[in-house]
>>> print(open('coords-v1.cif').read())   # mmCIF, C-alpha atoms and all ligand atoms
data_my_file
#
loop_
_atom_site.label_atom_id
_atom_site.label_comp_id
_atom_site.auth_asym_id
_atom_site.auth_seq_id
_atom_site.Cartn_x
_atom_site.Cartn_y
_atom_site.Cartn_z
CA MET A 1 130.53 120.51 81.90
CA LEU A 2 131.23 117.82 79.31
CA HIS A 3 132.27 118.95 75.84
CA LEU A 4 131.52 116.31 73.25
CA THR A 5 133.14 115.78 69.85
CA PRO A 6 131.79 112.90 67.77
CA MET A 7 134.45 110.62 66.27
CA ASP A 8 134.50 108.77 62.96
CA PRO A 9 132.89 106.26 62.42
CA PHE A 10 131.52 106.29 65.98
CA GLY A 11 132.41 107.07 69.59
CA VAL A 12 132.74 110.41 71.36
CA ARG A 13 135.72 112.44 72.52
CA ILE A 14 135.06 114.08 75.90
CA ALA A 15 136.68 117.16 77.37
CA VAL A 16 135.75 118.36 80.87
CA ALA A 17 135.70 122.07 81.66
CA ARG A 18 134.04 124.49 84.05
CA ASP A 19 131.38 126.87 82.74
CA ASP A 20 134.08 129.55 82.34
CA GLY A 21 136.10 127.20 80.09
CA ILE A 22 138.84 126.26 82.58
CA PRO A 23 139.75 122.59 81.89
CA GLN A 24 139.01 120.17 84.72
CA SER A 25 140.43 116.82 85.74
CA LEU A 26 138.42 113.63 85.31
CA SER A 27 138.57 113.33 89.10
CA GLN A 28 136.37 116.43 89.43
CA LEU A 29 133.33 115.13 87.59
CA ALA A 30 129.95 115.84 89.19
CA GLU A 31 127.56 112.99 89.99
CA GLU A 32 125.20 113.92 87.13
CA GLU A 33 128.17 113.93 84.74
CA ILE A 34 128.93 110.30 85.67
CA ASP A 35 125.35 109.48 84.73
CA GLN A 36 125.72 111.44 81.51
CA LEU A 37 128.81 109.29 80.73
CA ARG A 38 126.74 106.13 81.33
CA ASP A 39 124.21 107.36 78.77
CA LEU A 40 126.96 108.32 76.31
CA LEU A 41 128.58 104.90 76.72
CA ALA A 42 125.26 103.17 76.02
CA ASP A 43 124.52 105.37 72.98
CA HIS A 44 128.01 105.69 71.45
CA GLY A 45 129.98 102.69 72.77
CA VAL A 46 133.39 104.32 73.23
CA LEU A 47 134.51 107.46 75.09
CA VAL A 48 137.98 108.93 74.57
CA MET A 49 139.12 111.18 77.41
CA HIS A 50 142.45 112.79 78.12
CA ASP A 51 143.92 113.64 81.51
CA PRO A 52 147.72 113.49 81.85
CA ASP A 53 147.44 114.35 85.57
CA LEU A 54 145.26 111.38 86.50
CA ASP A 55 147.24 108.75 88.43
CA ASP A 56 146.29 105.12 89.13
CA GLN A 57 144.47 105.99 92.31
CA GLY A 58 142.49 108.72 90.53
CA PHE A 59 141.75 106.33 87.66
CA ALA A 60 140.46 103.61 90.00
CA THR A 61 138.43 106.17 91.98
CA LEU A 62 136.87 107.47 88.76
CA LEU A 63 135.89 103.94 87.66
CA ARG A 64 134.47 103.08 91.12
CA ARG A 65 132.04 105.96 90.74
CA PHE A 66 130.34 103.83 88.05
CA GLY A 67 130.26 100.71 90.24
CA PRO A 68 132.45 98.13 92.00
CA LEU A 69 135.52 96.99 90.04
CA ILE A 70 136.07 93.41 88.95
CA PHE A 71 139.50 91.80 88.84
CA THR A 72 140.10 88.67 86.77
CA ALA A 73 142.29 86.13 88.57
CA GLY A 74 145.37 85.39 86.49
CA GLU A 75 145.84 88.97 85.24
CA ALA A 76 148.84 91.00 86.47
CA PRO A 77 147.78 93.52 89.14
CA VAL A 78 149.12 97.09 89.18
CA PRO A 79 151.37 96.87 92.28
CA HIS A 80 150.15 99.94 94.19
CA GLU A 81 146.55 99.74 92.90
CA PRO A 82 145.68 96.03 92.71
CA SER A 83 142.08 96.63 91.59
CA LEU A 84 143.65 97.50 88.21
CA ASN A 85 145.65 95.22 85.93
CA VAL A 86 148.63 95.77 83.67
CA ILE A 87 148.59 95.16 79.92
CA SER A 88 152.10 95.23 78.54
CA ASN A 89 154.25 94.02 75.68
CA VAL A 90 157.49 94.74 77.55
CA GLY A 91 159.82 91.73 77.66
CA ARG A 92 157.57 89.62 75.45
CA GLU A 93 159.29 87.76 72.65
CA ARG A 94 156.22 87.46 70.52
CA PRO A 95 153.46 90.05 70.23
CA PRO A 96 150.29 89.13 72.15
CA VAL A 97 147.36 87.78 70.16
CA SER A 98 144.17 89.77 70.43
CA ARG A 99 141.05 88.78 68.56
CA TRP A 100 137.76 90.63 68.46
CA HIS A 101 135.98 90.02 71.75
CA THR A 102 133.88 91.46 74.52
CA ASP A 103 135.30 91.24 78.04
CA THR A 104 134.35 88.38 80.38
CA SER A 105 131.25 87.21 78.52
CA TYR A 106 131.56 83.80 80.24
CA VAL A 107 129.76 85.06 83.36
CA SER A 108 126.01 85.55 83.68
CA SER A 109 126.33 89.29 84.49
CA PRO A 110 129.29 90.48 82.42
CA PRO A 111 131.19 93.68 83.27
CA SER A 112 129.55 96.89 82.09
CA TYR A 113 132.61 98.93 81.21
CA THR A 114 136.33 98.47 80.65
CA ALA A 115 138.79 101.37 80.66
CA LEU A 116 142.44 101.71 79.68
CA ARG A 117 144.83 104.42 80.77
CA ALA A 118 147.89 104.87 78.57
CA ILE A 119 151.15 104.49 80.53
CA ARG A 120 153.60 103.99 77.65
CA VAL A 121 152.61 104.53 74.06
CA PRO A 122 154.60 102.82 71.27
CA GLU A 123 156.33 104.92 68.62
CA GLN A 124 154.39 103.03 65.99
CA GLY A 125 151.20 100.94 65.88
CA GLY A 126 149.37 99.42 68.83
CA GLU A 127 145.98 100.97 68.25
CA THR A 128 142.88 99.66 69.97
CA LEU A 129 140.04 98.81 67.59
CA PHE A 130 136.30 98.96 68.28
CA SER A 131 133.23 97.85 66.37
CA ASP A 132 129.65 98.95 67.12
CA GLN A 133 127.42 95.92 67.66
CA ALA A 134 124.08 97.75 67.63
CA VAL A 135 124.90 98.98 64.13
CA ALA A 136 126.16 95.49 63.24
CA LEU A 137 122.76 94.09 64.23
CA ASP A 138 120.87 96.77 62.29
CA THR A 139 122.87 96.02 59.12
CA LEU A 140 122.59 92.20 59.10
CA ASP A 141 121.29 90.81 55.83
CA GLN A 142 117.89 89.09 55.82
CA GLU A 143 119.29 85.59 56.05
CA LEU A 144 121.51 86.31 59.07
CA SER A 145 118.75 88.36 60.75
CA ALA A 146 116.48 85.35 60.49
CA ALA A 147 119.25 82.98 61.64
CA VAL A 148 119.83 84.75 64.98
CA VAL A 149 116.20 85.07 66.09
CA GLY A 150 115.67 83.42 69.47
CA ARG A 151 119.15 81.86 69.55
CA THR A 152 121.61 81.90 72.40
CA ILE A 153 125.36 81.33 72.58
CA THR A 154 127.15 79.48 75.36
CA HIS A 155 130.18 81.66 76.14
CA VAL A 156 133.12 79.87 77.81
CA VAL A 157 136.34 81.10 79.40
CA THR A 158 139.57 80.72 77.40
CA GLY A 159 143.10 82.00 77.90
CA VAL A 160 142.88 82.78 81.63
CA ASP A 161 142.16 80.64 84.67
CA PRO A 162 139.52 82.62 86.54
CA GLY A 163 139.86 80.48 89.67
CA GLU A 164 137.57 78.07 91.49
CA GLU A 165 134.87 80.48 92.55
CA GLN A 166 134.37 82.26 89.25
CA GLU A 167 131.80 81.17 86.67
CA ARG A 168 133.37 79.58 83.58
CA GLN A 169 130.45 79.62 81.20
CA ALA A 170 127.22 81.49 80.64
CA VAL A 171 124.42 81.56 78.13
CA HIS A 172 123.50 84.88 76.47
CA PRO A 173 121.10 85.75 73.65
CA ILE A 174 122.85 86.56 70.35
CA VAL A 175 120.61 89.63 70.15
CA ARG A 176 121.05 91.12 73.59
CA PRO A 177 119.12 94.15 74.87
CA HIS A 178 121.38 96.79 76.38
CA PRO A 179 121.09 96.50 80.19
CA ARG A 180 120.58 100.29 80.57
CA THR A 181 118.62 101.31 77.47
CA GLY A 182 117.11 98.08 76.15
CA ARG A 183 118.46 98.77 72.64
CA PRO A 184 119.40 95.41 71.12
CA ALA A 185 122.91 94.65 69.85
CA LEU A 186 124.78 91.58 68.67
CA TYR A 187 126.56 89.97 71.61
CA LEU A 188 129.52 87.90 70.42
CA SER A 189 133.07 87.13 71.45
CA THR A 190 135.95 85.18 69.87
CA ARG A 191 135.02 82.03 68.00
CA ASP A 192 136.75 79.98 70.74
CA ARG A 193 134.70 81.67 73.47
CA CYS A 194 131.45 81.19 71.52
CA ALA A 195 131.41 77.47 72.27
CA SER A 196 127.95 76.57 70.93
CA VAL A 197 124.77 78.05 69.50
CA SER A 198 121.37 76.85 70.70
CA GLY A 199 119.51 74.62 68.27
CA LEU A 200 122.50 74.18 65.92
CA SER A 201 125.07 71.42 65.45
CA ALA A 202 128.67 72.26 66.41
CA ASP A 203 129.57 72.88 62.76
CA ALA A 204 126.53 74.97 61.97
CA GLY A 205 127.02 76.98 65.17
CA ARG A 206 130.64 77.69 64.34
CA GLY A 207 129.64 78.65 60.81
CA LEU A 208 127.04 81.11 62.09
CA VAL A 209 129.46 82.68 64.62
CA ASP A 210 132.11 83.07 61.89
CA ARG A 211 129.67 84.78 59.56
CA LEU A 212 128.39 87.08 62.31
CA LEU A 213 131.94 88.03 63.38
CA THR A 214 132.95 88.76 59.77
CA HIS A 215 129.93 91.03 59.35
CA ALA A 216 130.35 92.63 62.79
CA THR A 217 133.99 93.68 62.32
CA GLN A 218 134.18 95.02 58.76
CA ASP A 219 137.04 97.47 58.27
CA HIS A 220 134.92 100.43 57.23
CA THR A 221 132.88 100.21 60.46
CA VAL A 222 135.90 100.08 62.78
CA LEU A 223 137.00 102.86 65.12
CA ARG A 224 140.81 102.78 65.44
CA HIS A 225 142.08 104.58 68.50
CA ARG A 226 145.66 105.80 68.12
CA TRP A 227 146.98 106.31 71.64
CA MET A 228 148.47 109.49 73.08
CA PRO A 229 150.13 109.62 76.52
CA GLY A 230 147.47 110.64 79.08
CA ASP A 231 144.57 109.08 77.17
CA VAL A 232 141.83 107.33 79.12
CA VAL A 233 139.51 105.29 76.93
CA MET A 234 136.37 103.66 78.27
CA TRP A 235 133.94 101.39 76.45
CA ASP A 236 130.61 99.69 76.96
CA ASN A 237 130.94 95.92 76.72
CA ALA A 238 127.26 95.53 75.80
CA ARG A 239 127.68 97.80 72.78
CA VAL A 240 131.11 97.14 71.19
CA LEU A 241 133.59 94.43 70.32
CA HIS A 242 137.25 95.42 70.71
CA ARG A 243 140.78 94.19 70.12
CA GLY A 244 144.33 95.45 70.34
CA ASP A 245 146.20 95.72 67.04
CA HIS A 246 149.59 94.19 67.82
CA SER A 247 150.81 94.03 64.22
CA ASP A 248 153.81 96.26 63.49
CA VAL A 249 154.14 97.67 67.01
CA VAL A 250 157.44 99.46 67.56
CA GLY A 251 158.23 100.30 71.18
CA ASP A 252 156.78 99.66 74.61
CA ARG A 253 153.02 99.50 74.91
CA VAL A 254 151.75 99.63 78.50
CA PHE A 255 148.26 100.29 79.82
CA HIS A 256 146.62 100.13 83.21
CA ARG A 257 143.16 98.66 82.96
CA GLY A 258 140.03 98.64 85.10
CA MET A 259 136.76 96.81 84.66
CA VAL A 260 133.43 97.87 86.22
CA GLY A 261 130.93 95.16 87.20
CA ALA A 262 127.43 94.85 85.78
CA GLN A 263 126.14 97.21 88.48
CA GLY A 264 127.87 100.01 86.55
CA TYR A 265 124.86 100.40 84.26
CA ARG A 266 122.61 101.55 87.11
CA SER A 267 122.52 105.19 88.13
O1 LIG B 301 145.37 95.97 74.16
C1 LIG B 301 144.33 96.49 73.77
O2 LIG B 301 144.31 97.42 72.97
C2 LIG B 301 143.00 95.96 74.23
C3 LIG B 301 143.14 95.03 75.38
C4 LIG B 301 141.83 94.43 75.83
O3 LIG B 301 141.28 93.59 75.19
C5 LIG B 301 141.24 94.89 77.08
O4 LIG B 301 141.79 95.80 77.73
O5 LIG B 301 140.19 94.36 77.47
FE FE B 302 139.41 93.00 76.18
#
>>> encode(input="coords-v1.cif", output="structure tokens", more="lines below")
Ligand SMILES: O=C(O)CCC(=O)C(=O)O
Ligand SMILES: [Fe+2]
Amino acid sequence: MLHLTPMDPFGVRIAVARDDGIPQSLSQLAEEEIDQLRDLLADHGVLVMHDPDLDDQGFATLLRRFGPLIFTAGEAPVPHEPSLNVISNVGRERPPVSRWHTDTSYVSSPPSYTALRAIRVPEQGGETLFSDQAVALDTLDQELSAAVVGRTITHVVTGVDPGEEQERQAVHPIVRPHPRTGRPALYLSTRDRCASVSGLSADAGRGLVDRLLTHATQDHTVLRHRWMPGDVVMWDNARVLHRGDHSDVVGDRVFHRGMVGAQGYRS
């Protein structure tokens, strides 16, 4: 049984337990609970789970229950579980840059879900930030609401070389219906990845993307996840923007990461 605790300002914390209250591992979820998680992801954007006993194999197996995993060429694979990749600040001279984005929007069928499992949690800082893009759409002012109607953005790859066979750009509506529920949300990524907006000059397109991103990531709307060892956090890429906060990190910050393909939305 899933026990749900709403978070502030959005997202849900999930605990798994048997009917008699005995806590269960994330690797013991029933099929209908996976489907319940799909619905929760669509409706709430971010799920925070906690299972210190889950290993990489269990993590990958859990994610594969949603759908086949996608690996982006150029990322560092987890050695004994190469369907996952490593995110780490260890040995880096400068902190990584992470801007608000959605994962892999430069393909025509972007990944449904991304999940991180905490391996090493810094003593200070290093939160992951999320912003709800269905709410962002619902709270646009009249002028911006009118400006996005019928427009598309050409999303392009930046920062990684996805390899010869992978798509490098894709066109998506700015107001994108959720693939599972149909509920519309803003669909944006970094200003560099949002290469052009249909029907607008380069300058006007950039101006619109900047204004949308500013609105879509206001501080008071942001969920900040402070990591604990054993945390597993999963999010819906059609519902939220995210970024790592690398300012003022003290200590090693290491995650193992998995991404579920677009098929993940289907039961
Ligand atoms: O480092 C983080 O907190 C987020 C990294 C990220 O963007 C991702 O895992 O897709
Ligand atoms: Fe990301």
>>> closest_residue(input="coords-v1.cif", among="A:Ala195, A:Ala76, A:Leu69, A:Leu208", to="A:Ala115", atoms="only C-alpha atoms")
A:Leu69
>>> residues_near_point(input="coords-v1.cif", point="(130.7, 117.6, 88.5)", cutoff="10 Å", atoms="all atoms listed in the file", output="number ranges by chain")
A: 1-2, 16-18, 24, 26-34
>>> atom_distance(input="coords-v1.cif", atom1="atom CA of A:Met259", atom2="atom CA of A:Pro110")
10.0 Å
>>> residues_near_ligand(input="coords-v1.cif", ligand="ligand LIG 301 (chain B)", cutoff="6 Å", atoms="only C-alpha atoms and all ligand atoms", output="list in words")
Asp103, Thr128, Arg243 and Gly244 of chain A
>>> write_last_selection(input="coords-v1.cif", atoms="C-alpha atoms", output="mmCIF file, in the coordinates of the input")
data_model
loop_
_atom_site.group_PDB
_atom_site.id
_atom_site.type_symbol
_atom_site.label_atom_id
_atom_site.label_comp_id
_atom_site.auth_asym_id
_atom_site.auth_seq_id
_atom_site.Cartn_x
_atom_site.Cartn_y
_atom_site.Cartn_z
ATOM 1 C CA ASP A 103 135.300 91.240 78.040
ATOM 2 C CA THR A 128 142.880 99.660 69.970
ATOM 3 C CA ARG A 243 140.780 94.190 70.120
ATOM 4 C CA GLY A 244 144.330 95.450 70.340
#
>>> closest_residue(input="coords-v1.cif", among="A:Asp8, A:Arg117, A:His172, A:Ala73", to="A:Leu54", atoms="only C-alpha atoms")
A:Arg117
>>> closest_atom_pairs(input="coords-v1.cif", of="chain A", to="ligand FE 302 (chain B)", cutoff="12 Å", atoms="all atoms listed in the file", output="Markdown table")
| residue | atom | partner | partner_atom | distance |
| --- | --- | --- | --- | --- |
| A:Thr72 | CA | B:FE302 | FE | 11.5 |
| A:Glu75 | CA | B:FE302 | FE | 11.8 |
| A:Asn85 | CA | B:FE302 | FE | 11.8 |
| A:Ile87 | CA | B:FE302 | FE | 10.1 |
| A:Val97 | CA | B:FE302 | FE | 11.3 |
| A:Ser98 | CA | B:FE302 | FE | 8.1 |
| A:Arg99 | CA | B:FE302 | FE | 8.9 |
| A:Trp100 | CA | B:FE302 | FE | 8.2 |
| A:His101 | CA | B:FE302 | FE | 6.3 |
| A:Thr102 | CA | B:FE302 | FE | 6.0 |
| A:Asp103 | CA | B:FE302 | FE | 4.8 |
| A:Thr104 | CA | B:FE302 | FE | 8.0 |
| A:Ser105 | CA | B:FE302 | FE | 10.3 |
| A:Pro111 | CA | B:FE302 | FE | 10.9 |
| A:Tyr113 | CA | B:FE302 | FE | 10.3 |
| A:Thr114 | CA | B:FE302 | FE | 7.7 |
| A:Ala115 | CA | B:FE302 | FE | 9.5 |
| A:Leu116 | CA | B:FE302 | FE | 9.9 |
| A:Thr128 | CA | B:FE302 | FE | 9.7 |
| A:Leu129 | CA | B:FE302 | FE | 10.4 |
| A:Phe130 | CA | B:FE302 | FE | 10.4 |
| A:Gly159 | CA | B:FE302 | FE | 11.7 |
| A:Ser189 | CA | B:FE302 | FE | 9.9 |
| A:Thr190 | CA | B:FE302 | FE | 10.6 |
| A:Met234 | CA | B:FE302 | FE | 11.3 |
| A:Trp235 | CA | B:FE302 | FE | 10.0 |
| A:Asp236 | CA | B:FE302 | FE | 11.1 |
| A:Asn237 | CA | B:FE302 | FE | 9.0 |
| A:Val240 | CA | B:FE302 | FE | 10.5 |
| A:Leu241 | CA | B:FE302 | FE | 8.4 |
| A:His242 | CA | B:FE302 | FE | 6.4 |
| A:Arg243 | CA | B:FE302 | FE | 6.3 |
| A:Gly244 | CA | B:FE302 | FE | 8.0 |
| A:Asp245 | CA | B:FE302 | FE | 11.7 |
| A:Arg257 | CA | B:FE302 | FE | 9.6 |
| A:Gly258 | CA | B:FE302 | FE | 10.6 |
| A:Met259 | CA | B:FE302 | FE | 9.7 |
>>> write_last_selection(input="coords-v1.cif", atoms="C-alpha atoms", output="compact mmCIF listing (two decimals), in the frame of the given file")
# COMPACT_ATOMS: atom_id res chain seq x y z
CA THR A 72 140.10 88.67 86.77
CA GLU A 75 145.84 88.97 85.24
CA ASN A 85 145.65 95.22 85.93
CA ILE A 87 148.59 95.16 79.92
CA VAL A 97 147.36 87.78 70.16
CA SER A 98 144.17 89.77 70.43
CA ARG A 99 141.05 88.78 68.56
CA TRP A 100 137.76 90.63 68.46
CA HIS A 101 135.98 90.02 71.75
CA THR A 102 133.88 91.46 74.52
CA ASP A 103 135.30 91.24 78.04
CA THR A 104 134.35 88.38 80.38
CA SER A 105 131.25 87.21 78.52
CA PRO A 111 131.19 93.68 83.27
CA TYR A 113 132.61 98.93 81.21
CA THR A 114 136.33 98.47 80.65
CA ALA A 115 138.79 101.37 80.66
CA LEU A 116 142.44 101.71 79.68
CA THR A 128 142.88 99.66 69.97
CA LEU A 129 140.04 98.81 67.59
CA PHE A 130 136.30 98.96 68.28
CA GLY A 159 143.10 82.00 77.90
CA SER A 189 133.07 87.13 71.45
CA THR A 190 135.95 85.18 69.87
CA MET A 234 136.37 103.66 78.27
CA TRP A 235 133.94 101.39 76.45
CA ASP A 236 130.61 99.69 76.96
CA ASN A 237 130.94 95.92 76.72
CA VAL A 240 131.11 97.14 71.19
CA LEU A 241 133.59 94.43 70.32
CA HIS A 242 137.25 95.42 70.71
CA ARG A 243 140.78 94.19 70.12
CA GLY A 244 144.33 95.45 70.34
CA ASP A 245 146.20 95.72 67.04
CA ARG A 257 143.16 98.66 82.96
CA GLY A 258 140.03 98.64 85.10
CA MET A 259 136.76 96.81 84.66
>>> residues_around(input="coords-v1.cif", residues="A:Ala134", least_positions_apart="6", cutoff="9 Å", atoms="all atoms listed in the file", output="PyMOL selection string")
chain A and resi 183-186+239-240
>>> residues_around(input="coords-v1.cif", residues="A:His155", least_positions_apart="2", cutoff="9 Å", atoms="only C-alpha atoms", output="number ranges by chain")
A: 104-107, 153, 157, 168-172, 188-189, 192-196
>>> residues_around(input="coords-v1.cif", residues="A:Arg211", least_positions_apart="2", cutoff="12 Å", atoms="all atoms listed in the file", output="short mmCIF file (atom, residue, chain, number, x, y, z; two decimals) with C-alpha atoms, in the frame of the given file")
data_model
loop_
_atom_site.label_atom_id
_atom_site.label_comp_id
_atom_site.auth_asym_id
_atom_site.auth_seq_id
_atom_site.Cartn_x
_atom_site.Cartn_y
_atom_site.Cartn_z
CA ALA A 136 126.16 95.49 63.24
CA LEU A 140 122.59 92.20 59.10
CA ASP A 141 121.29 90.81 55.83
CA GLU A 143 119.29 85.59 56.05
CA LEU A 144 121.51 86.31 59.07
CA SER A 145 118.75 88.36 60.75
CA ALA A 147 119.25 82.98 61.64
CA VAL A 148 119.83 84.75 64.98
CA LEU A 188 129.52 87.90 70.42
CA ARG A 191 135.02 82.03 68.00
CA ALA A 204 126.53 74.97 61.97
CA GLY A 205 127.02 76.98 65.17
CA ARG A 206 130.64 77.69 64.34
CA GLY A 207 129.64 78.65 60.81
CA LEU A 208 127.04 81.11 62.09
CA VAL A 209 129.46 82.68 64.62
CA LEU A 213 131.94 88.03 63.38
CA THR A 214 132.95 88.76 59.77
CA HIS A 215 129.93 91.03 59.35
CA ALA A 216 130.35 92.63 62.79
CA THR A 217 133.99 93.68 62.32
CA GLN A 218 134.18 95.02 58.76
#
>>> closest_residue(input="coords-v1.cif", among="A:Val149, A:Ala118, A:Glu123, A:Asp248", to="A:Gly199", atoms="all atoms listed in the file")
A:Val149
